[in-house]
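*Asks:* So that we are looking at the same thing, I have put the structure below in structure tokens.
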Amino acid sequence: MILLFVCMALFCMGLTTYRFMKSEEDCTSGRRLIDSSVLIMTTAVSLSFFSYLRPLHGLSFTPVFRQIQQATRYVIKAWHPPNMLYVTDGGVQDCTAITQLLQRRCEVIMLVLAASDPTDDLAVLRTTMEAVQNKLKLASFYDLQDPRRNVFAMLDDYKQNSSAHSFKMGIRYGWNEVETPSFGTLWVVKNRLPDDFLNQTVQPHLREEEIMYNTPSPKSWNGCSGDSSASEDNEVLEELLDMQTEDLGGLGCCDCCHRWGNCGRKFPHLTFTGGLAELVD
């Protein structure tokens, strides 16, 4: 960072001298300062690609240099690991996280698909399946009811069948003849409202006692604050009883937002804030 500040200071000083000083010597000095700052910065950026060398370790901690290396898709290949690694969640290639399980040849895999997919196109799952079959060649997928049928046709059936809660497909591990084949099953559960869950009245929140001790939840609601009176709870309950589950908006994070600012995408295909609110509630 000190090197960056020095380069910026030299560049600003040189630009000021070159633009606002009228003598020829000042213009020459300003141009030299600008050239020096550009040369120092170019040299530092070039040396940052060799930060695996011990004398240049400090360059790997500079945020600007790290951004440049990421933009150029630079990857260090050395005998010793670098001082800093850039790690992502893997969503760029596989948002389902089943590739690692397929590499382990798991017999049963349950995928809870929570990607933003209001139309049930299953694009994320299709992309992962194509990568597993065409690029990685880890396994192939097939329809358990009719293995001769294209497995993607089964995904189309799930899209058209709005009453389906889940579906499953077969997995055949191994690609070449020399590999010993093994088989597994992939269960897929998606965030959707099947037909038998439509037109249901909004239910009260789950309580800790109900989850931990199987105690029936009280027939009342918490309002905007935790100190709500019984009359306020009944008022909230009466207003929410007129709503159905698929009417809950995705921008709200409490019952007040559902009552007075119910906008945005509806449950279960919520926005990021709405999905986070459902987890918090």
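A note on labels: chains of the structure tokens are A, B, ... as shown, every chain counts residues from 1, and ligands are counted from 1 in their shown order.
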Assign secondary structure with DSSP using the backbone only, and return the residues of region 144-221 of chain A in helix (DSSP H, G or I) as a list in words.

*Replies:* Val151, Phe152, Ala153, Met154, Leu155, Asp156, Asp157, Tyr158, Lys159, Gln160, Asp195, Asp196, Phe197, Glu208, Glu209, Glu210, Ile211, Met212 and Tyr213 of chain A

*Asks:* Those selected residues, please, written with N, CA and C atoms and delivered as an mmCIF file, in the first residue's frame.

*Replies:*
```
data_model
loop_
_atom_site.group_PDB
_atom_site.id
_atom_site.type_symbol
_atom_site.label_atom_id
_atom_site.label_comp_id
_atom_site.auth_asym_id
_atom_site.auth_seq_id
_atom_site.Cartn_x
_atom_site.Cartn_y
_atom_site.Cartn_z
ATOM 1 N N VAL A 151 -33.220 -38.405 -19.828
ATOM 2 C CA VAL A 151 -33.480 -37.994 -18.457
ATOM 3 C C VAL A 151 -34.013 -36.564 -18.393
ATOM 4 N N PHE A 152 -33.661 -35.727 -19.370
ATOM 5 C CA PHE A 152 -34.151 -34.351 -19.355
ATOM 6 C C PHE A 152 -35.643 -34.283 -19.656
ATOM 7 N N ALA A 153 -36.188 -35.307 -20.317
ATOM 8 C CA ALA A 153 -37.633 -35.356 -20.512
ATOM 9 C C ALA A 153 -38.350 -35.538 -19.179
ATOM 10 N N MET A 154 -37.716 -36.241 -18.241
ATOM 11 C CA MET A 154 -38.298 -36.400 -16.913
ATOM 12 C C MET A 154 -38.347 -35.065 -16.177
ATOM 13 N N LEU A 155 -37.344 -34.213 -16.390
ATOM 14 C CA LEU A 155 -37.365 -32.888 -15.780
ATOM 15 C C LEU A 155 -38.493 -32.043 -16.358
ATOM 16 N N ASP A 156 -38.766 -32.206 -17.642
ATOM 17 C CA ASP A 156 -39.894 -31.494 -18.246
ATOM 18 C C ASP A 156 -41.218 -31.971 -17.660
ATOM 19 N N ASP A 157 -41.319 -33.267 -17.370
ATOM 20 C CA ASP A 157 -42.537 -33.788 -16.753
ATOM 21 C C ASP A 157 -42.761 -33.178 -15.374
ATOM 22 N N TYR A 158 -41.684 -33.015 -14.627
ATOM 23 C CA TYR A 158 -41.809 -32.409 -13.296
ATOM 24 C C TYR A 158 -42.296 -30.970 -13.405
ATOM 25 N N LYS A 159 -41.829 -30.248 -14.415
ATOM 26 C CA LYS A 159 -42.269 -28.868 -14.603
ATOM 27 C C LYS A 159 -43.758 -28.803 -14.910
ATOM 28 N N GLN A 160 -44.244 -29.718 -15.715
ATOM 29 C CA GLN A 160 -45.653 -29.704 -16.099
ATOM 30 C C GLN A 160 -46.564 -30.244 -15.001
ATOM 31 N N ASP A 195 -49.937 -28.317 -5.713
ATOM 32 C CA ASP A 195 -51.357 -27.971 -5.770
ATOM 33 C C ASP A 195 -52.068 -28.211 -4.445
ATOM 34 N N ASP A 196 -51.681 -29.265 -3.719
ATOM 35 C CA ASP A 196 -52.370 -29.554 -2.466
ATOM 36 C C ASP A 196 -51.940 -28.635 -1.328
ATOM 37 N N PHE A 197 -50.970 -27.725 -1.580
ATOM 38 C CA PHE A 197 -50.573 -26.748 -0.571
ATOM 39 C C PHE A 197 -51.099 -25.352 -0.894
ATOM 40 N N GLU A 208 -40.379 -22.240 19.876
ATOM 41 C CA GLU A 208 -39.306 -23.105 20.363
ATOM 42 C C GLU A 208 -39.874 -24.303 21.117
ATOM 43 N N GLU A 209 -40.944 -24.076 21.881
ATOM 44 C CA GLU A 209 -41.539 -25.176 22.635
ATOM 45 C C GLU A 209 -42.116 -26.234 21.704
ATOM 46 N N GLU A 210 -42.670 -25.792 20.577
ATOM 47 C CA GLU A 210 -43.255 -26.738 19.636
ATOM 48 C C GLU A 210 -42.191 -27.587 18.958
ATOM 49 N N ILE A 211 -41.035 -26.973 18.651
ATOM 50 C CA ILE A 211 -39.968 -27.701 17.965
ATOM 51 C C ILE A 211 -39.210 -28.610 18.926
ATOM 52 N N MET A 212 -38.885 -28.093 20.106
ATOM 53 C CA MET A 212 -38.037 -28.832 21.031
ATOM 54 C C MET A 212 -38.814 -29.848 21.864
ATOM 55 N N TYR A 213 -40.028 -29.470 22.270
ATOM 56 C CA TYR A 213 -40.748 -30.305 23.230
ATOM 57 C C TYR A 213 -42.100 -30.783 22.716
#
```

*Asks:* Report the distance between CA of Thr185 (chain A) and CA of Ser140 (chain A) in Å, rounded to one decimal place.

*Replies:*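 So the answer is 11.3 Å.
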
*Asks:* Rank nothing, just name the residue among A:Ser36, A:Asn150, A:Ser163, A:Thr127 nearest to Met13 (chain A), using only C-alpha atoms.

*Replies:*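 Using only C-alpha atoms, the shortest distance to Met13 (chain A) belongs to A:Ser36.
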
*Asks:* What gap, in Å, lies between CA of Asn191 (chain A) and CA of Arg126 (chain A)?

*Replies:* 16.3 Å

*Asks:* One decimal, Å: what's the distance from CA of Lys168 (chain A) over to CA of Ser116 (chain A), could you say?

*Replies:*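 Between CA of Lys168 (chain A) and CA of Ser116 (chain A) the gap works out to 20.2 Å.
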
*Asks:* If you count only C-alpha atoms, which residues fall within 12 Å of Leu193 (chain A), apart from same-chain ones fewer than 2 positions away, as a PyMOL selection string?

*Replies:* chain A and resi 118-120+161-166+189-191+195-200+244-247+266-269

*Asks:* Limited to N, CA and C atoms, could you put the picked residues into a file as a PDB file, in the first residue's frame?

*Replies:*
```
ATOM      1  N   PRO A 118     -38.757 -19.613 -10.405  1.00  0.00           N
ATOM      2  CA  PRO A 118     -40.223 -19.585 -10.272  1.00  0.00           C
ATOM      3  C   PRO A 118     -40.946 -20.434 -11.309  1.00  0.00           C
ATOM      4  N   THR A 119     -40.345 -20.640 -12.479  1.00  0.00           N
ATOM      5  CA  THR A 119     -41.013 -21.381 -13.553  1.00  0.00           C
ATOM      6  C   THR A 119     -40.636 -22.855 -13.587  1.00  0.00           C
ATOM      7  N   ASP A 120     -39.864 -23.326 -12.619  1.00  0.00           N
ATOM      8  CA  ASP A 120     -39.484 -24.741 -12.519  1.00  0.00           C
ATOM      9  C   ASP A 120     -38.748 -25.235 -13.762  1.00  0.00           C
ATOM     10  N   ASN A 161     -46.040 -31.108 -14.149  1.00  0.00           N
ATOM     11  CA  ASN A 161     -46.834 -31.697 -13.072  1.00  0.00           C
ATOM     12  C   ASN A 161     -46.691 -30.823 -11.827  1.00  0.00           C
ATOM     13  N   SER A 162     -47.581 -29.879 -11.661  1.00  0.00           N
ATOM     14  CA  SER A 162     -47.479 -28.933 -10.545  1.00  0.00           C
ATOM     15  C   SER A 162     -47.834 -29.551  -9.204  1.00  0.00           C
ATOM     16  N   SER A 163     -48.341 -30.761  -9.181  1.00  0.00           N
ATOM     17  CA  SER A 163     -48.692 -31.414  -7.918  1.00  0.00           C
ATOM     18  C   SER A 163     -47.555 -32.265  -7.360  1.00  0.00           C
ATOM     19  N   ALA A 164     -46.463 -32.406  -8.109  1.00  0.00           N
ATOM     20  CA  ALA A 164     -45.351 -33.245  -7.656  1.00  0.00           C
ATOM     21  C   ALA A 164     -44.559 -32.539  -6.570  1.00  0.00           C
ATOM     22  N   HIS A 165     -44.267 -33.257  -5.499  1.00  0.00           N
ATOM     23  CA  HIS A 165     -43.475 -32.706  -4.404  1.00  0.00           C
ATOM     24  C   HIS A 165     -41.984 -32.879  -4.650  1.00  0.00           C
ATOM     25  N   SER A 166     -41.596 -33.969  -5.275  1.00  0.00           N
ATOM     26  CA  SER A 166     -40.188 -34.277  -5.508  1.00  0.00           C
ATOM     27  C   SER A 166     -40.098 -35.263  -6.672  1.00  0.00           C
ATOM     28  N   VAL A 189     -35.665 -32.279  -4.169  1.00  0.00           N
ATOM     29  CA  VAL A 189     -36.785 -31.570  -3.555  1.00  0.00           C
ATOM     30  C   VAL A 189     -36.599 -30.089  -3.854  1.00  0.00           C
ATOM     31  N   LYS A 190     -37.612 -29.467  -4.408  1.00  0.00           N
ATOM     32  CA  LYS A 190     -37.502 -28.077  -4.853  1.00  0.00           C
ATOM     33  C   LYS A 190     -38.447 -27.184  -4.066  1.00  0.00           C
ATOM     34  N   ASN A 191     -38.052 -25.907  -3.909  1.00  0.00           N
ATOM     35  CA  ASN A 191     -38.919 -24.950  -3.222  1.00  0.00           C
ATOM     36  C   ASN A 191     -40.054 -24.527  -4.153  1.00  0.00           C
ATOM     37  N   ASP A 195     -49.937 -28.317  -5.713  1.00  0.00           N
ATOM     38  CA  ASP A 195     -51.357 -27.971  -5.770  1.00  0.00           C
ATOM     39  C   ASP A 195     -52.068 -28.211  -4.445  1.00  0.00           C
ATOM     40  N   ASP A 196     -51.681 -29.265  -3.719  1.00  0.00           N
ATOM     41  CA  ASP A 196     -52.370 -29.554  -2.466  1.00  0.00           C
ATOM     42  C   ASP A 196     -51.940 -28.635  -1.328  1.00  0.00           C
ATOM     43  N   PHE A 197     -50.970 -27.725  -1.580  1.00  0.00           N
ATOM     44  CA  PHE A 197     -50.573 -26.748  -0.571  1.00  0.00           C
ATOM     45  C   PHE A 197     -51.099 -25.352  -0.894  1.00  0.00           C
ATOM     46  N   LEU A 198     -51.815 -25.205  -1.982  1.00  0.00           N
ATOM     47  CA  LEU A 198     -52.364 -23.905  -2.350  1.00  0.00           C
ATOM     48  C   LEU A 198     -53.613 -23.600  -1.527  1.00  0.00           C
ATOM     49  N   ASN A 199     -53.950 -22.308  -1.487  1.00  0.00           N
ATOM     50  CA  ASN A 199     -55.174 -21.838  -0.820  1.00  0.00           C
ATOM     51  C   ASN A 199     -55.202 -22.209   0.659  1.00  0.00           C
ATOM     52  N   GLN A 200     -54.021 -22.200   1.291  1.00  0.00           N
ATOM     53  CA  GLN A 200     -53.954 -22.460   2.725  1.00  0.00           C
ATOM     54  C   GLN A 200     -53.790 -21.152   3.483  1.00  0.00           C
ATOM     55  N   GLN A 244     -53.442 -15.867   2.238  1.00  0.00           N
ATOM     56  CA  GLN A 244     -53.011 -17.231   1.997  1.00  0.00           C
ATOM     57  C   GLN A 244     -51.493 -17.275   1.878  1.00  0.00           C
ATOM     58  N   THR A 245     -50.943 -18.467   1.984  1.00  0.00           N
ATOM     59  CA  THR A 245     -49.484 -18.600   2.007  1.00  0.00           C
ATOM     60  C   THR A 245     -48.837 -18.017   0.764  1.00  0.00           C
ATOM     61  N   GLU A 246     -49.439 -18.253  -0.398  1.00  0.00           N
ATOM     62  CA  GLU A 246     -48.850 -17.755  -1.644  1.00  0.00           C
ATOM     63  C   GLU A 246     -49.027 -16.254  -1.827  1.00  0.00           C
ATOM     64  N   ASP A 247     -49.690 -15.566  -0.869  1.00  0.00           N
ATOM     65  CA  ASP A 247     -49.863 -14.115  -0.944  1.00  0.00           C
ATOM     66  C   ASP A 247     -48.778 -13.357  -0.200  1.00  0.00           C
ATOM     67  N   LYS A 266     -43.684 -13.362  -4.471  1.00  0.00           N
ATOM     68  CA  LYS A 266     -44.460 -14.055  -3.453  1.00  0.00           C
ATOM     69  C   LYS A 266     -43.824 -15.386  -3.078  1.00  0.00           C
ATOM     70  N   PHE A 267     -44.228 -15.864  -1.913  1.00  0.00           N
ATOM     71  CA  PHE A 267     -43.751 -17.137  -1.383  1.00  0.00           C
ATOM     72  C   PHE A 267     -44.150 -18.279  -2.321  1.00  0.00           C
ATOM     73  N   PRO A 268     -43.252 -19.271  -2.575  1.00  0.00           N
ATOM     74  CA  PRO A 268     -41.939 -19.464  -1.951  1.00  0.00           C
ATOM     75  C   PRO A 268     -40.774 -18.883  -2.740  1.00  0.00           C
ATOM     76  N   HIS A 269     -41.041 -18.191  -3.844  1.00  0.00           N
ATOM     77  CA  HIS A 269     -39.969 -17.647  -4.686  1.00  0.00           C
ATOM     78  C   HIS A 269     -39.704 -16.211  -4.262  1.00  0.00           C
TER      79      HIS A 269
END
```

*Asks:* Nearest to Ile2 (chain A): which of A:Phe61, A:Tyr18, A:Tyr52, A:Trp175 is it, counting only C-alpha atoms?

*Replies:* A:Phe61

*Asks:* Leaving out Leu85 (chain A) and any residue of its chain fewer than 2 positions from it, which residues lie within 12 Å of it when counting only C-alpha atoms, given as JSON, numbers by chain?

*Replies:* {"A": [52, 60, 61, 66, 69, 70, 74, 75, 76, 81, 82, 83, 87, 88]}

*Asks:* Pick out the residues sitting within 12 Å of Arg104 (chain A), and hand them over as a ChimeraX atom specification; count only C-alpha atoms, and ignore anything fewer than 5 positions along from it in its own chain.

*Replies:* /A:98-99,109,138-139,173-174,182-184

*Asks:* Include C-alpha atoms and write out the residues we just selected as a PDB file, in the first residue's frame.

*Replies:*
```pdb
ATOM      1  CA  ILE A  98     -23.658 -32.531  -5.795  1.00  0.00           C
ATOM      2  CA  THR A  99     -20.495 -32.796  -7.884  1.00  0.00           C
ATOM      3  CA  ILE A 109     -28.027 -38.193  -2.632  1.00  0.00           C
ATOM      4  CA  LEU A 138     -18.088 -38.796 -13.587  1.00  0.00           C
ATOM      5  CA  ALA A 139     -21.447 -40.452 -14.106  1.00  0.00           C
ATOM      6  CA  TYR A 173     -21.083 -44.156 -11.865  1.00  0.00           C
ATOM      7  CA  GLY A 174     -18.228 -44.838 -14.240  1.00  0.00           C
ATOM      8  CA  SER A 182     -21.877 -48.678  -9.560  1.00  0.00           C
ATOM      9  CA  PHE A 183     -25.324 -47.218  -9.144  1.00  0.00           C
ATOM     10  CA  GLY A 184     -27.062 -44.659  -6.980  1.00  0.00           C
TER      11      GLY A 184
END
```

*Asks:* Closest to Thr128 (chain A) among A:Asn214, A:Thr43, A:Thr96, A:Thr72, using only C-alpha atoms?

*Replies:*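 Closest candidate: A:Thr96.
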
*Asks:* Find, counting only C-alpha atoms, the residue in A:Gly14, A:Leu125, A:Ala97, A:Ile171 that gets nearest to Ser37 (chain A).

*Replies:* A:Gly14

*Asks:* Mind listing the strand (DSSP E or B) residues of region 37-199 of chain A, per DSSP on the backbone, as a list in words?

*Replies:*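 Everything in region 37-199 of chain A that counts as strand (DSSP E or B) is Val108, Ile109, Met110, Leu111, Val112, Leu113, Ala139, Ser140, Phe141, Tyr142, Ser166, Phe167, Lys168, Met169, Gly170, Ile171, Arg172, Tyr173, Ser182, Phe183, Gly184, Thr185, Leu186, Trp187, Val188, Val189 and Lys190 of chain A.
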
*Asks:* Write a file of the selected residues as a JSON list (two decimals), in the first residue's frame, keeping N, CA and C atoms.

*Replies:*
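Okay, this is what ended up in result11.json:
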```
[["chain", "number", "residue", "atom", "x", "y", "z"],
["A", 108, "VAL", "N", -26.95, -42.76, -2.22],
["A", 108, "VAL", "CA", -28.17, -41.97, -2.13],
["A", 108, "VAL", "C", -27.79, -40.52, -1.89],
["A", 109, "ILE", "N", -28.28, -39.63, -2.75],
["A", 109, "ILE", "CA", -28.03, -38.19, -2.63],
["A", 109, "ILE", "C", -29.38, -37.49, -2.59],
["A", 110, "MET", "N", -29.56, -36.63, -1.60],
["A", 110, "MET", "CA", -30.78, -35.83, -1.51],
["A", 110, "MET", "C", -30.41, -34.37, -1.75],
["A", 111, "LEU", "N", -30.96, -33.80, -2.80],
["A", 111, "LEU", "CA", -30.68, -32.42, -3.18],
["A", 111, "LEU", "C", -31.89, -31.56, -2.87],
["A", 112, "VAL", "N", -31.70, -30.57, -2.01],
["A", 112, "VAL", "CA", -32.73, -29.56, -1.73],
["A", 112, "VAL", "C", -32.41, -28.37, -2.61],
["A", 113, "LEU", "N", -33.13, -28.24, -3.70],
["A", 113, "LEU", "CA", -32.84, -27.23, -4.72],
["A", 113, "LEU", "C", -33.58, -25.94, -4.37],
["A", 139, "ALA", "N", -20.31, -39.54, -14.16],
["A", 139, "ALA", "CA", -21.45, -40.45, -14.11],
["A", 139, "ALA", "C", -22.44, -40.04, -15.18],
["A", 140, "SER", "N", -23.46, -40.86, -15.33],
["A", 140, "SER", "CA", -24.58, -40.55, -16.23],
["A", 140, "SER", "C", -25.88, -40.74, -15.46],
["A", 141, "PHE", "N", -26.92, -40.03, -15.89],
["A", 141, "PHE", "CA", -28.21, -40.07, -15.22],
["A", 141, "PHE", "C", -29.24, -40.73, -16.13],
["A", 142, "TYR", "N", -30.22, -41.37, -15.52],
["A", 142, "TYR", "CA", -31.24, -42.05, -16.31],
["A", 142, "TYR", "C", -32.56, -42.06, -15.54],
["A", 166, "SER", "N", -41.60, -33.97, -5.28],
["A", 166, "SER", "CA", -40.19, -34.28, -5.51],
["A", 166, "SER", "C", -40.10, -35.26, -6.67],
["A", 167, "PHE", "N", -38.88, -35.59, -7.05],
["A", 167, "PHE", "CA", -38.66, -36.61, -8.06],
["A", 167, "PHE", "C", -37.28, -37.21, -7.83],
["A", 168, "LYS", "N", -37.04, -38.34, -8.45],
["A", 168, "LYS", "CA", -35.76, -39.01, -8.30],
["A", 168, "LYS", "C", -35.31, -39.56, -9.64],
["A", 169, "MET", "N", -34.01, -39.72, -9.78],
["A", 169, "MET", "CA", -33.42, -40.26, -11.00],
["A", 169, "MET", "C", -32.28, -41.20, -10.63],
["A", 170, "GLY", "N", -31.94, -42.07, -11.54],
["A", 170, "GLY", "CA", -30.87, -43.02, -11.30],
["A", 170, "GLY", "C", -29.51, -42.45, -11.69],
["A", 171, "ILE", "N", -28.48, -42.95, -11.04],
["A", 171, "ILE", "CA", -27.10, -42.54, -11.30],
["A", 171, "ILE", "C", -26.28, -43.78, -11.63],
["A", 172, "ARG", "N", -25.57, -43.73, -12.73],
["A", 172, "ARG", "CA", -24.62, -44.80, -13.06],
["A", 172, "ARG", "C", -23.21, -44.22, -13.01],
["A", 173, "TYR", "N", -22.45, -44.63, -12.01],
["A", 173, "TYR", "CA", -21.08, -44.16, -11.86],
["A", 173, "TYR", "C", -20.17, -44.94, -12.80],
["A", 182, "SER", "N", -21.06, -48.60, -10.77],
["A", 182, "SER", "CA", -21.88, -48.68, -9.56],
["A", 182, "SER", "C", -23.07, -47.75, -9.75],
["A", 183, "PHE", "N", -24.07, -47.92, -8.92],
["A", 183, "PHE", "CA", -25.32, -47.22, -9.14],
["A", 183, "PHE", "C", -25.77, -46.49, -7.88],
["A", 184, "GLY", "N", -26.54, -45.44, -8.09],
["A", 184, "GLY", "CA", -27.06, -44.66, -6.98],
["A", 184, "GLY", "C", -28.37, -44.00, -7.36],
["A", 185, "THR", "N", -28.90, -43.22, -6.43],
["A", 185, "THR", "CA", -30.18, -42.54, -6.63],
["A", 185, "THR", "C", -30.04, -41.09, -6.20],
["A", 186, "LEU", "N", -30.56, -40.19, -7.02],
["A", 186, "LEU", "CA", -30.57, -38.76, -6.71],
["A", 186, "LEU", "C", -32.00, -38.32, -6.47],
["A", 187, "TRP", "N", -32.30, -37.92, -5.24],
["A", 187, "TRP", "CA", -33.60, -37.36, -4.88],
["A", 187, "TRP", "C", -33.52, -35.84, -4.96],
["A", 188, "VAL", "N", -34.52, -35.21, -5.55],
["A", 188, "VAL", "CA", -34.54, -33.76, -5.71],
["A", 188, "VAL", "C", -35.82, -33.22, -5.10],
["A", 189, "VAL", "N", -35.67, -32.28, -4.17],
["A", 189, "VAL", "CA", -36.79, -31.57, -3.55],
["A", 189, "VAL", "C", -36.60, -30.09, -3.85],
["A", 190, "LYS", "N", -37.61, -29.47, -4.41],
["A", 190, "LYS", "CA", -37.50, -28.08, -4.85],
["A", 190, "LYS", "C", -38.45, -27.18, -4.07]]
```
